[in-house]
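Trainee: Here you go, this is upload-v6.cif (mmCIF, C-alpha atoms (C1' of nucleotides)).
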data_structure
loop_
_atom_site.label_atom_id
_atom_site.label_comp_id
_atom_site.auth_asym_id
_atom_site.auth_seq_id
_atom_site.Cartn_x
_atom_site.Cartn_y
_atom_site.Cartn_z
CA MET A 1383 -41.62 -16.83 -21.36
CA SER A 1384 -38.15 -16.40 -19.91
CA GLY A 1385 -37.23 -19.98 -19.04
CA THR A 1386 -35.01 -19.01 -16.13
CA GLN A 1387 -36.66 -21.12 -13.45
CA GLU A 1388 -34.07 -20.66 -10.71
CA ARG A 1389 -33.27 -23.19 -8.06
CA PRO A 1390 -32.59 -21.19 -4.90
CA LEU A 1391 -28.91 -20.35 -4.53
CA ARG A 1392 -26.89 -21.73 -1.69
CA ALA A 1393 -26.47 -19.22 1.12
CA ASP A 1394 -22.82 -18.36 0.41
CA ALA A 1395 -23.50 -18.15 -3.32
CA ALA A 1396 -26.30 -15.65 -2.82
CA ARG A 1397 -24.12 -13.60 -0.50
CA ASN A 1398 -21.25 -13.52 -2.99
CA ARG A 1399 -23.48 -12.67 -5.89
CA ALA A 1400 -24.95 -9.72 -4.02
CA ARG A 1401 -21.52 -8.51 -2.91
CA VAL A 1402 -20.21 -8.59 -6.46
CA LEU A 1403 -23.21 -6.67 -7.72
CA ASP A 1404 -22.82 -4.03 -5.02
CA VAL A 1405 -19.10 -3.59 -5.57
CA ALA A 1406 -19.52 -3.52 -9.35
CA THR A 1407 -22.18 -0.83 -9.08
CA GLU A 1408 -19.96 1.26 -6.87
CA VAL A 1409 -16.73 0.80 -8.84
CA PHE A 1410 -18.16 1.04 -12.36
CA THR A 1411 -20.08 4.15 -11.45
CA SER A 1412 -17.21 5.95 -9.78
CA ARG A 1413 -14.30 4.83 -11.94
CA GLY A 1414 -15.85 3.92 -15.27
CA VAL A 1415 -16.57 0.64 -17.01
CA GLY A 1416 -12.93 0.14 -17.96
CA VAL A 1417 -11.99 -1.23 -14.55
CA PRO A 1418 -10.77 -4.84 -14.94
CA THR A 1419 -13.03 -7.61 -13.77
CA GLU A 1420 -10.37 -9.03 -11.51
CA GLU A 1421 -10.32 -5.86 -9.49
CA ILE A 1422 -14.04 -6.04 -8.92
CA ALA A 1423 -13.61 -9.61 -7.74
CA ARG A 1424 -10.83 -8.69 -5.33
CA ALA A 1425 -12.78 -5.78 -3.93
CA ALA A 1426 -15.75 -8.07 -3.39
CA GLY A 1427 -13.55 -10.63 -1.65
CA VAL A 1428 -14.10 -13.39 -4.20
CA GLY A 1429 -12.06 -15.04 -6.92
CA VAL A 1430 -12.59 -14.29 -10.60
CA GLY A 1431 -13.98 -17.77 -11.07
CA THR A 1432 -16.81 -16.97 -8.72
CA LEU A 1433 -17.54 -13.70 -10.41
CA PHE A 1434 -17.74 -15.30 -13.83
CA ARG A 1435 -19.95 -18.10 -12.59
CA HIS A 1436 -22.56 -15.60 -11.51
CA PHE A 1437 -22.12 -13.28 -14.48
CA PRO A 1438 -20.82 -15.23 -17.46
CA THR A 1439 -19.40 -12.19 -19.22
CA LYS A 1440 -18.39 -8.71 -18.24
CA GLU A 1441 -21.30 -7.35 -20.24
CA ALA A 1442 -23.68 -9.54 -18.29
CA LEU A 1443 -22.37 -7.92 -15.12
CA LEU A 1444 -22.77 -4.42 -16.55
CA GLU A 1445 -26.25 -5.34 -17.64
CA ALA A 1446 -27.18 -6.63 -14.20
CA VAL A 1447 -25.92 -3.43 -12.61
CA MET A 1448 -27.94 -1.33 -15.01
CA VAL A 1449 -31.06 -3.39 -14.59
CA ARG A 1450 -30.95 -2.94 -10.86
CA ARG A 1451 -30.38 0.79 -11.07
CA LEU A 1452 -33.16 1.14 -13.60
CA GLU A 1453 -35.54 -0.83 -11.44
CA GLU A 1454 -34.76 1.37 -8.49
CA MET A 1455 -35.37 4.40 -10.65
CA ALA A 1456 -38.64 3.00 -11.93
CA ALA A 1457 -39.83 2.43 -8.39
CA MET A 1458 -38.91 5.94 -7.34
CA THR A 1459 -40.57 7.53 -10.35
CA ALA A 1460 -43.67 5.52 -9.59
CA ARG A 1461 -43.73 6.90 -6.06
CA LEU A 1462 -43.20 10.45 -7.27
CA ALA A 1463 -45.74 10.28 -10.04
CA ALA A 1464 -48.42 9.25 -7.59
CA GLY A 1465 -48.36 12.28 -5.30
CA ALA A 1466 -48.54 16.03 -5.82
CA ASP A 1467 -49.86 18.01 -8.73
CA ARG A 1468 -49.04 17.18 -12.32
CA ALA A 1469 -46.46 19.82 -13.13
CA GLU A 1470 -44.65 19.40 -9.86
CA ALA A 1471 -44.49 15.65 -10.33
CA PHE A 1472 -43.00 16.07 -13.78
CA PHE A 1473 -40.18 18.29 -12.65
CA ALA A 1474 -39.49 16.22 -9.56
CA CYS A 1475 -39.20 13.13 -11.69
CA PHE A 1476 -36.93 14.89 -14.13
CA ARG A 1477 -34.61 15.83 -11.28
CA LEU A 1478 -34.62 12.36 -9.88
CA VAL A 1479 -33.83 10.65 -13.16
CA VAL A 1480 -31.03 13.06 -13.95
CA GLU A 1481 -29.43 12.90 -10.56
CA ARG A 1482 -29.58 9.14 -10.27
CA SER A 1483 -28.29 8.39 -13.74
CA SER A 1484 -24.73 9.59 -13.41
CA GLY A 1485 -22.47 7.52 -15.62
CA LYS A 1486 -25.30 5.40 -16.97
CA ASN A 1487 -24.80 6.71 -20.44
CA GLU A 1488 -21.27 5.35 -20.47
CA PHE A 1489 -22.68 1.95 -19.50
CA ALA A 1490 -25.10 2.00 -22.37
CA GLN A 1491 -22.36 2.96 -24.81
CA ALA A 1492 -20.10 0.20 -23.54
CA LEU A 1493 -22.84 -2.37 -23.93
CA ALA A 1494 -23.72 -1.15 -27.40
CA ALA A 1495 -20.07 -1.23 -28.41
CA ALA A 1496 -19.89 -4.84 -27.28
CA GLY A 1497 -22.73 -5.71 -29.61
CA VAL A 1498 -25.36 -6.15 -26.90
CA ASP A 1499 -28.84 -5.10 -27.91
CA VAL A 1500 -29.45 -2.60 -25.17
CA HIS A 1501 -33.10 -2.15 -25.94
CA ALA A 1502 -33.78 -5.86 -25.76
CA ALA A 1503 -31.71 -6.50 -22.68
CA LEU A 1504 -33.14 -3.68 -20.63
CA ARG A 1505 -36.58 -3.53 -22.14
CA ALA A 1506 -38.73 -4.10 -19.12
CA PRO A 1507 -37.38 -1.44 -16.74
CA THR A 1508 -36.69 1.18 -19.41
CA GLU A 1509 -40.16 0.74 -20.80
CA GLU A 1510 -41.70 1.29 -17.41
CA ILE A 1511 -39.73 4.47 -16.86
CA GLN A 1512 -40.45 5.71 -20.35
CA THR A 1513 -44.18 5.15 -20.23
CA ARG A 1514 -44.28 6.84 -16.87
CA LEU A 1515 -42.32 9.78 -18.21
CA ALA A 1516 -44.55 9.94 -21.25
CA ALA A 1517 -47.61 10.12 -19.02
CA LEU A 1518 -46.05 12.80 -16.84
CA LEU A 1519 -45.00 14.74 -19.91
CA SER A 1520 -48.42 14.91 -21.49
CA ALA A 1521 -50.05 15.65 -18.14
CA ALA A 1522 -47.62 18.52 -17.57
CA GLN A 1523 -48.23 19.75 -21.10
CA GLN A 1524 -51.99 19.74 -20.59
CA ALA A 1525 -51.46 21.68 -17.37
CA GLY A 1526 -49.55 24.25 -19.41
CA ALA A 1527 -46.30 23.65 -17.52
CA VAL A 1528 -44.27 22.26 -20.43
CA ARG A 1529 -44.09 23.45 -24.03
CA PRO A 1530 -46.57 21.44 -26.05
CA GLU A 1531 -44.44 20.64 -29.09
CA LEU A 1532 -41.95 18.59 -27.07
CA CYS A 1533 -42.20 14.85 -27.54
CA LEU A 1534 -40.77 11.88 -25.69
CA PRO A 1535 -37.55 11.25 -27.63
CA GLU A 1536 -36.61 14.87 -27.17
CA LEU A 1537 -37.38 14.74 -23.49
CA LEU A 1538 -35.15 11.70 -23.15
CA ALA A 1539 -32.37 13.54 -24.96
CA VAL A 1540 -32.77 16.48 -22.61
CA LEU A 1541 -32.55 14.12 -19.64
CA VAL A 1542 -29.32 12.58 -20.86
CA GLY A 1543 -27.87 15.95 -21.76
CA THR A 1544 -28.72 17.47 -18.41
CA GLY A 1545 -26.93 14.56 -16.78
CA ALA A 1546 -23.88 15.38 -18.87
CA MET A 1547 -24.07 19.00 -17.75
CA LEU A 1548 -24.04 18.04 -14.10
CA GLU A 1549 -21.09 15.73 -14.65
CA GLN A 1550 -19.06 18.74 -15.77
CA LEU A 1551 -19.67 20.49 -12.49
CA GLY A 1552 -18.20 19.91 -9.07
CA PRO A 1553 -20.28 18.79 -6.11
CA ASP A 1554 -21.12 22.36 -5.11
CA PRO A 1555 -24.93 22.54 -5.22
CA ALA A 1556 -25.36 26.17 -6.25
CA PRO A 1557 -24.22 25.86 -9.87
CA ARG A 1558 -26.09 22.59 -10.20
CA GLU A 1559 -29.22 24.40 -9.15
CA ARG A 1560 -28.65 27.08 -11.74
CA ILE A 1561 -28.36 24.38 -14.41
CA PHE A 1562 -31.72 23.00 -13.39
CA GLU A 1563 -33.21 26.46 -13.57
CA VAL A 1564 -31.92 26.92 -17.09
CA VAL A 1565 -33.24 23.57 -18.26
CA PHE A 1566 -36.58 23.85 -16.49
CA ASP A 1567 -37.19 27.32 -17.85
CA GLY A 1568 -36.32 25.99 -21.27
CA LEU A 1569 -38.85 23.22 -20.93
CA ARG A 1570 -41.67 25.57 -19.93
CA PRO A 1571 -43.69 27.33 -22.63
CA ARG A 1572 -42.50 30.79 -23.60
CA MET B 92 9.76 27.99 -24.15
CA SER B 93 8.77 24.80 -25.97
CA GLY B 94 12.07 23.66 -27.47
CA THR B 95 10.45 22.06 -30.49
CA GLN B 96 12.41 23.81 -33.20
CA GLU B 97 11.35 21.72 -36.16
CA ARG B 98 13.42 20.98 -39.18
CA PRO B 99 11.06 20.91 -42.16
CA LEU B 100 9.77 17.42 -42.89
CA ARG B 101 10.60 15.63 -46.05
CA ALA B 102 7.79 15.83 -48.62
CA ASP B 103 6.55 12.25 -48.23
CA ALA B 104 6.75 12.47 -44.45
CA ALA B 105 4.60 15.60 -44.39
CA ARG B 106 2.09 13.98 -46.71
CA ASN B 107 1.85 10.86 -44.58
CA ARG B 108 1.54 12.80 -41.37
CA ALA B 109 -1.33 14.82 -42.78
CA ARG B 110 -3.08 11.73 -44.12
CA VAL B 111 -2.86 10.00 -40.75
CA LEU B 112 -4.27 13.04 -38.99
CA ASP B 113 -7.15 13.30 -41.43
CA VAL B 114 -8.04 9.63 -41.24
CA ALA B 115 -7.72 9.60 -37.45
CA THR B 116 -10.04 12.59 -37.15
CA GLU B 117 -12.60 10.93 -39.34
CA VAL B 118 -12.41 7.46 -37.79
CA PHE B 119 -12.15 8.46 -34.13
CA THR B 120 -15.04 10.86 -34.52
CA SER B 121 -17.34 8.46 -36.28
CA ARG B 122 -16.45 5.20 -34.57
CA GLY B 123 -15.04 6.22 -31.21
CA VAL B 124 -11.56 6.32 -29.74
CA GLY B 125 -11.47 2.56 -29.23
CA VAL B 126 -10.54 1.88 -32.84
CA PRO B 127 -7.12 0.17 -32.98
CA THR B 128 -4.17 2.17 -34.18
CA GLU B 129 -3.31 -0.34 -36.85
CA GLU B 130 -6.63 0.23 -38.53
CA ILE B 131 -5.98 3.95 -38.72
CA ALA B 132 -2.63 3.22 -40.29
CA ARG B 133 -4.11 0.89 -42.88
CA ALA B 134 -6.86 3.33 -43.78
CA ALA B 135 -4.24 6.05 -44.22
CA GLY B 136 -2.15 3.78 -46.43
CA VAL B 137 0.89 3.68 -44.15
CA GLY B 138 2.48 1.13 -41.84
CA VAL B 139 2.12 1.30 -38.09
CA GLY B 140 5.78 2.20 -37.81
CA THR B 141 5.17 5.36 -39.77
CA LEU B 142 2.17 6.27 -37.67
CA PHE B 143 4.09 5.86 -34.42
CA ARG B 144 7.05 7.85 -35.71
CA HIS B 145 4.81 10.84 -36.24
CA PHE B 146 2.72 10.34 -33.11
CA PRO B 147 4.74 8.47 -30.47
CA THR B 148 1.69 7.22 -28.57
CA LYS B 149 -1.98 6.78 -29.29
CA GLU B 150 -2.75 9.58 -26.86
CA ALA B 151 -0.44 11.89 -28.77
CA LEU B 152 -2.49 11.17 -31.87
CA LEU B 153 -5.76 11.84 -30.06
CA GLU B 154 -4.30 15.02 -28.70
CA ALA B 155 -3.19 16.17 -32.15
CA VAL B 156 -6.65 15.50 -33.53
CA MET B 157 -8.25 17.49 -30.73
CA VAL B 158 -5.83 20.37 -31.05
CA ARG B 159 -6.61 20.72 -34.71
CA ARG B 160 -10.36 20.59 -34.18
CA LEU B 161 -10.13 23.09 -31.35
CA GLU B 162 -8.03 25.44 -33.46
CA GLU B 163 -10.58 25.27 -36.24
CA MET B 164 -13.31 26.00 -33.74
CA ALA B 165 -11.38 28.89 -32.28
CA ALA B 166 -10.96 30.39 -35.74
CA MET B 167 -14.66 30.01 -36.51
CA THR B 168 -15.74 31.53 -33.22
CA ALA B 169 -13.41 34.42 -33.87
CA ARG B 170 -15.06 35.05 -37.22
CA LEU B 171 -18.56 34.81 -35.71
CA ALA B 172 -17.77 37.00 -32.72
CA ALA B 173 -16.65 39.79 -35.00
CA GLY B 174 -19.86 40.33 -36.95
CA ALA B 175 -23.49 40.90 -36.04
CA ASP B 176 -25.01 42.13 -32.82
CA ARG B 177 -23.99 40.84 -29.41
CA ALA B 178 -26.85 38.52 -28.60
CA GLU B 179 -26.95 37.03 -32.05
CA ALA B 180 -23.22 36.37 -32.00
CA PHE B 181 -23.53 34.58 -28.68
CA PHE B 182 -26.20 32.19 -29.83
CA ALA B 183 -24.53 31.60 -33.18
CA CYS B 184 -21.31 30.72 -31.41
CA PHE B 185 -23.14 28.41 -29.05
CA ARG B 186 -24.62 26.53 -31.98
CA LEU B 187 -21.32 26.29 -33.72
CA VAL B 188 -19.45 24.95 -30.75
CA VAL B 189 -22.13 22.39 -29.97
CA GLU B 190 -22.50 21.18 -33.51
CA ARG B 191 -18.79 20.90 -34.19
CA SER B 192 -17.90 19.16 -30.97
CA SER B 193 -19.60 15.83 -31.52
CA GLY B 194 -17.67 13.12 -29.74
CA LYS B 195 -15.06 15.47 -28.37
CA ASN B 196 -16.12 14.76 -24.84
CA GLU B 197 -15.25 11.11 -25.33
CA PHE B 198 -11.80 12.19 -26.49
CA ALA B 199 -11.28 14.24 -23.38
CA GLN B 200 -12.37 11.39 -21.14
CA ALA B 201 -10.05 8.97 -22.93
CA LEU B 202 -7.11 11.32 -22.52
CA ALA B 203 -7.90 11.95 -18.88
CA ALA B 204 -8.23 8.22 -18.24
CA ALA B 205 -4.78 7.74 -19.75
CA GLY B 206 -3.35 10.18 -17.24
CA VAL B 207 -2.81 13.01 -19.71
CA ASP B 208 -3.26 16.45 -18.24
CA VAL B 209 -5.89 17.67 -20.66
CA HIS B 210 -5.77 21.22 -19.47
CA ALA B 211 -2.03 21.46 -19.95
CA ALA B 212 -1.95 19.68 -23.26
CA LEU B 213 -4.73 21.67 -24.89
CA ARG B 214 -4.29 24.91 -23.04
CA ALA B 215 -3.67 27.29 -25.90
CA PRO B 216 -6.70 26.55 -28.09
CA THR B 217 -9.14 25.92 -25.26
CA GLU B 218 -8.12 29.11 -23.61
CA GLU B 219 -8.75 31.09 -26.75
CA ILE B 220 -12.19 29.60 -27.16
CA GLN B 221 -13.02 30.09 -23.51
CA THR B 222 -11.97 33.72 -23.34
CA ARG B 223 -13.92 34.38 -26.48
CA LEU B 224 -16.98 32.67 -25.04
CA ALA B 225 -16.58 34.57 -21.79
CA ALA B 226 -16.55 37.84 -23.70
CA LEU B 227 -19.60 36.85 -25.72
CA LEU B 228 -21.37 35.74 -22.58
CA SER B 229 -20.95 38.95 -20.66
CA ALA B 230 -21.77 41.03 -23.74
CA ALA B 231 -24.96 39.03 -24.24
CA GLN B 232 -25.77 39.41 -20.57
CA GLN B 233 -25.33 43.16 -20.72
CA ALA B 234 -27.58 43.23 -23.74
CA GLY B 235 -30.19 41.42 -21.64
CA ALA B 236 -30.20 38.37 -23.88
CA VAL B 237 -28.85 35.89 -21.35
CA ARG B 238 -29.72 35.45 -17.67
CA PRO B 239 -27.22 37.45 -15.65
CA GLU B 240 -26.45 34.91 -12.93
CA LEU B 241 -24.93 32.42 -15.38
CA CYS B 242 -21.15 32.18 -15.28
CA LEU B 243 -18.58 30.60 -17.55
CA PRO B 244 -18.21 27.14 -16.00
CA GLU B 245 -21.96 26.71 -16.15
CA LEU B 246 -22.06 27.86 -19.75
CA LEU B 247 -19.40 25.30 -20.62
CA ALA B 248 -21.41 22.61 -18.88
CA VAL B 249 -24.48 23.60 -20.85
CA LEU B 250 -22.46 23.42 -24.06
CA VAL B 251 -21.25 19.91 -23.33
CA GLY B 252 -24.69 18.79 -22.24
CA THR B 253 -26.38 20.18 -25.31
CA GLY B 254 -23.90 18.24 -27.40
CA ALA B 255 -24.91 15.11 -25.51
CA MET B 256 -28.57 15.85 -26.21
CA LEU B 257 -27.98 16.09 -29.94
CA GLU B 258 -26.02 12.84 -29.94
CA GLN B 259 -29.16 11.10 -28.67
CA LEU B 260 -31.14 12.25 -31.67
CA GLY B 261 -31.04 11.07 -35.25
CA PRO B 262 -29.95 13.32 -38.12
CA ASP B 263 -33.46 14.69 -38.65
CA PRO B 264 -33.11 18.45 -38.15
CA ALA B 265 -36.56 19.20 -36.71
CA PRO B 266 -36.05 17.66 -33.25
CA ARG B 267 -32.54 19.09 -33.10
CA GLU B 268 -33.99 22.49 -33.70
CA ARG B 269 -36.49 21.97 -30.89
CA ILE B 270 -33.62 21.08 -28.56
CA PHE B 271 -31.90 24.33 -29.42
CA GLU B 272 -35.11 26.20 -28.73
CA VAL B 273 -35.39 24.62 -25.31
CA VAL B 274 -31.82 25.38 -24.38
CA PHE B 275 -31.80 28.89 -25.81
CA ASP B 276 -35.03 29.78 -24.04
CA GLY B 277 -33.53 28.43 -20.87
CA LEU B 278 -30.47 30.61 -21.25
CA ARG B 279 -32.53 33.76 -21.73
CA PRO B 280 -33.73 35.69 -18.68
CA ARG B 281 -37.18 34.86 -17.45
"C1'" DG C 549 23.65 10.44 -61.22
"C1'" DG C 550 25.44 9.24 -57.00
"C1'" DA C 551 25.67 9.29 -52.03
"C1'" DC C 552 23.79 10.12 -47.69
"C1'" DA C 553 20.28 11.05 -44.64
"C1'" DA C 554 15.57 10.74 -43.80
"C1'" DC C 555 11.77 7.88 -43.97
"C1'" DC C 556 9.01 3.62 -44.72
"C1'" DG C 557 6.78 -1.09 -43.72
"C1'" DG C 558 5.35 -4.69 -41.04
"C1'" DA C 559 6.94 -8.77 -38.44
"C1'" DG C 560 7.82 -9.16 -33.70
"C1'" DT C 561 7.45 -8.13 -28.42
"C1'" DG C 562 5.45 -7.18 -24.03
"C1'" DT C 563 1.35 -6.37 -21.53
"C1'" DC C 564 -3.22 -6.41 -20.18
"C1'" DC C 565 -7.43 -8.59 -19.57
"C1'" DA C 566 -11.73 -11.51 -20.33
"C1'" DG C 567 -12.92 -15.95 -19.65
"C1'" DT C 568 -11.80 -21.35 -18.45
"C1'" DC C 569 -10.67 -25.36 -15.66
"C1'" DC C 570 -10.12 -28.25 -11.96
"C1'" DG C 571 -8.54 -29.51 -7.34
"C1'" DT C 572 -10.30 -27.97 -2.90
"C1'" DA C 573 -13.60 -26.15 0.49
"C1'" DT C 574 -18.29 -25.39 2.10
"C1'" DC C 575 -23.24 -26.15 2.51
"C1'" DG C 576 -27.35 -28.73 3.31
"C1'" DT C 577 -29.56 -33.04 4.06
"C1'" DT C 578 -30.37 -37.55 5.99
"C1'" DA D 914 -21.41 -37.59 11.23
"C1'" DA D 915 -20.97 -38.37 6.81
"C1'" DC D 916 -21.92 -37.89 2.05
"C1'" DG D 917 -23.26 -35.77 -2.31
"C1'" DA D 918 -24.06 -31.59 -4.48
"C1'" DT D 919 -22.89 -27.03 -4.94
"C1'" DA D 920 -19.73 -23.36 -4.94
"C1'" DC D 921 -15.02 -21.39 -4.44
"C1'" DG D 922 -10.21 -19.67 -5.80
"C1'" DG D 923 -6.74 -18.51 -8.71
"C1'" DA D 924 -3.25 -20.35 -11.99
"C1'" DC D 925 -3.67 -20.55 -16.84
"C1'" DT D 926 -5.00 -19.62 -21.82
"C1'" DG D 927 -5.94 -16.99 -25.91
"C1'" DG D 928 -6.57 -12.93 -28.17
"C1'" DA D 929 -6.21 -8.03 -28.82
"C1'" DC D 930 -3.55 -4.15 -29.03
"C1'" DA D 931 0.07 -0.43 -28.22
"C1'" DC D 932 4.55 0.12 -29.37
"C1'" DT D 933 9.66 -1.28 -31.17
"C1'" DC D 934 13.25 -2.51 -34.39
"C1'" DC D 935 15.71 -2.94 -38.43
"C1'" DG D 936 16.42 -4.16 -43.44
"C1'" DG D 937 14.89 -1.89 -47.36
"C1'" DT D 938 13.27 2.35 -49.95
"C1'" DT D 939 12.79 7.10 -51.30
"C1'" DG D 940 13.66 11.98 -51.28
"C1'" DT D 941 17.18 15.65 -51.53
"C1'" DC D 942 21.37 18.02 -52.43
"C1'" DC D 943 25.74 18.48 -54.68
#
With the file now loaded, output its structure as structure tokens.
Mentor:
Amino acid sequence: MSGTQERPLRADAARNRARVLDVATEVFTSRGVGVPTEEIARAAGVGVGTLFRHFPTKEALLEAVMVRRLEEMAAMTARLAAGADRAEAFFACFRLVVERSSGKNEFAQALAAAGVDVHAALRAPTEEIQTRLAALLSAAQQAGAVRPELCLPELLAVLVGTGAMLEQLGPDPAPRERIFEVVFDGLRPR
Amino acid sequence: MSGTQERPLRADAARNRARVLDVATEVFTSRGVGVPTEEIARAAGVGVGTLFRHFPTKEALLEAVMVRRLEEMAAMTARLAAGADRAEAFFACFRLVVERSSGKNEFAQALAAAGVDVHAALRAPTEEIQTRLAALLSAAQQAGAVRPELCLPELLAVLVGTGAMLEQLGPDPAPRERIFEVVFDGLRPR
DNA sequence: GGACAACCGGAGTGTCCAGTCCGTATCGTT
DNA sequence: AACGATACGGACTGGACACTCCGGTTGTCC
């Protein structure tokens, strides 16, 4: 369907593209999506022209960053979902998604504000993660490890919200752990 | 200390100032802090000049909006903290703060990004709310209604995060209620 | 009702930033 | 080595937006 039959990039072009993506991931995540494009280019050691040839708009760059992070997350959830017992897998996945999604909500907001259809643009990887989470959720519920009335949209909200909680805290692991205890206990049946 | 001894405003000036504040609260809350200043002015029926005379920068306007909302919240928490039994008051306050703080986190981020010292600028009202929450927290803990290891910074994180959860959901009250159940159960001792 | 200060409106200014364009450099191929 | 295709850099453009300035208006006080 997607008619993007790519001719292989020239060696330097591929290198530059990858560098820009890496730098953008790093900078956008640590300093927010407001950082000017030119700064990303400088940090990646390329000119703005080069950046915009690979990613025709700033939103396209944001989107590419998100897609990659989501794909990584999907792969990791897949690995986690395979092993261990059902309940354990659910909570491990929850942790993983929360911890690896710092700042992603801001991305999504920025894209939405720019009029990009987030659901369409990121369909494939989000769908994979969501179906996997849905499977883990109902398995954990059948195992009696998660309250049965909870459904997927609520779980997703809890994921996002837990991410927001952690962002309020410093890097000290003890309070972060206590947050997880609160949320996990809340997710379990009474 | 603060040398702002104000001469009373002329009638029309006071009216305009109030209108701008109201409109800004409404617009910033519903459409985000990115809305241009000129639009606020138009919606309030004043020129930009007038707006900037009352609030010398956009951040000053944001700050004024936040101060007012925080003061309202402080007053409401005060009222709630007075009545009822300890545990009930705690959870009622929690609800109130979460429900009335939609979008406030975005405000804080915007101010911080602009180099405003949020803690200094909003000290008075935030401090009142925080001390009141701290009192409610330890009372609820002594009553055995909240897990004893939780401390104030974590509670604040949970508040912010719960707000983020609700923002993911539509206006339908049933899922929102389920979120509160999850969080409240998590806050209670095992 | 008149005079002065306080206040208003909105055209104009400076700045920032996403995105373009084209002369130059680099890659890959024969 | 030499040539065409591909990619690069960064000066430049256009638009958006926060904030200023000043001629005109309105409130207030005697």
Trainee: Around the point (-23.6, -22.4, 2.0), in the coordinates given by the file, pick out the residues reaching within 10 Å, counting all atoms listed in the file, and return them as a VMD selection string.
Mentor: (chain A and resid 1391 to 1397) or (chain C and resid 574 to 576) or (chain D and resid 919 to 920)
Trainee: Could you name the residues that touch segment 244-258 of chain B at 6 Å or less, counting all atoms listed in the file, but leaving out those on the same chain fewer than 6 positions away, as an MDAnalysis selection string?
Mentor: (chainID A and resid 1539:1540 1543:1544 1546:1547 1550) or (chainID B and resid 189)
Trainee: Can you tell me, as a ChimeraX atom specification, what residues are no more than 12 Å from DC942 of chain D when counting only C-alpha atoms (C1' of nucleotides), ignoring any on the same chain fewer than 5 positions away?
Mentor: /C:549-553
Trainee: As a ChimeraX atom specification, please: the residues near Ala1474 of chain A (cut-off 12 Å, all atoms listed in the file, same-chain neighbours under 6 positions excluded).
Mentor: /A:1458-1468,1480-1481,1515,1518-1519,1522,1562,1566
Trainee: Could you jot down the atom CA of Glu218 of chain B to atom CA of Glu1559 of chain A separation for me, Å, one decimal place?
Mentor: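 The value is 26.0 Å.
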Trainee: Only residues of chain B matter here; which ones have an atom within 7 Å of chain C, counting all atoms listed in the file? Give them as an mmCIF file with C-alpha atoms, keeping the file's coordinate frame.
Mentor:
data_model
loop_
_atom_site.group_PDB
_atom_site.id
_atom_site.type_symbol
_atom_site.label_atom_id
_atom_site.label_comp_id
_atom_site.auth_asym_id
_atom_site.auth_seq_id
_atom_site.Cartn_x
_atom_site.Cartn_y
_atom_site.Cartn_z
ATOM 1 C CA ALA B 104 6.750 12.470 -44.450
ATOM 2 C CA GLY B 138 2.480 1.130 -41.840
ATOM 3 C CA GLY B 140 5.780 2.200 -37.810
ATOM 4 C CA THR B 141 5.170 5.360 -39.770
#
Trainee: Restrict the distance test to all atoms listed in the file, flag each residue of chain D within 12 Å of chain B, and return the flagged residues as an MDAnalysis selection string.
Mentor: chainID D and resid 929:935 939:941
Trainee: Using all atoms listed in the file, pick whichever of B:Leu152, B:Asn196, B:Ala132, B:Val273 has the shortest atom-to-atom distance to Thr116 of chain B.
Mentor: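 Under the stated criterion, the closest residue is B:Leu152.
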Trainee: Adding 6 Å on each side of the box along x, y and z that holds all listed atoms of segment 1489-1496 of chain A, could you give its centre and edge lengths in Å to one decimal, as AutoDock Vina command-line options?
Mentor:
--center_x -22.5 --center_y -0.9 --center_z -24.0 --size_x 17.2 --size_y 19.8 --size_z 20.9
Trainee: Quick one: pull the distance between atom CA of Val1415 of chain A and atom CA of Arg214 of chain B, Å, one decimal.
Mentor: 27.9 Å
Trainee: Report the distance between atom CA of Arg279 of chain B and atom CA of Ala236 of chain B in Å, rounded to one decimal place.
Mentor: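 According to the coordinates, atom CA of Arg279 of chain B and atom CA of Ala236 of chain B are separated by 5.6 Å.
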Trainee: Can you find the residues with an atom no farther than 9 Å from (-7.0, 8.5, -24.5), counting only C-alpha atoms (C1' of nucleotides), and report them as a PyMOL selection string?
Mentor: chain B and resi 124-125+149-151+153-154+197-207
Trainee: So that I can see what lies close to Pro1530 of chain A, please list as number ranges by chain the residues with an atom at most 9 Å from it, counting all atoms listed in the file and leaving out residues fewer than 3 positions away in the same chain.
Mentor: A: 1520, 1523-1524, 1526-1527, 1533, 1570-1571
Trainee: Which residue is closest to chain A? Choose from B:Cys184, B:Ile270, B:Ala230, B:Ala165 and count all atoms listed in the file.
Mentor: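 So, comparing all the options, the nearest one is B:Ile270.
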Trainee: Of the residues B:Ala215, B:Val118, B:Val111, B:Gly123, which is the one nearest to chain A, using all atoms listed in the file?
Mentor: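 With all atoms listed in the file as the atom set, the closest residue is B:Gly123.
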Trainee: In terms of the shortest atom-to-atom distance over only C-alpha atoms, which of B:Arg186, B:Arg238, B:Arg144, B:Arg98 is closest to chain A?
Mentor: B:Arg238
Trainee: Using only C-alpha atoms, find the one residue out of B:Ala115, B:Arg191, B:Arg122, B:Arg110 that sits nearest to chain A.
Mentor: B:Arg122
Trainee: I want to know what sits within 9 Å of Glu162 of chain B, based on only C-alpha atoms (C1' of nucleotides), with residues of the same chain fewer than 5 positions away left out; could you give that as a list in words?
Mentor: Met157, Met167, Ala215, Pro216, Thr217, Glu219 and Ile220 of chain B
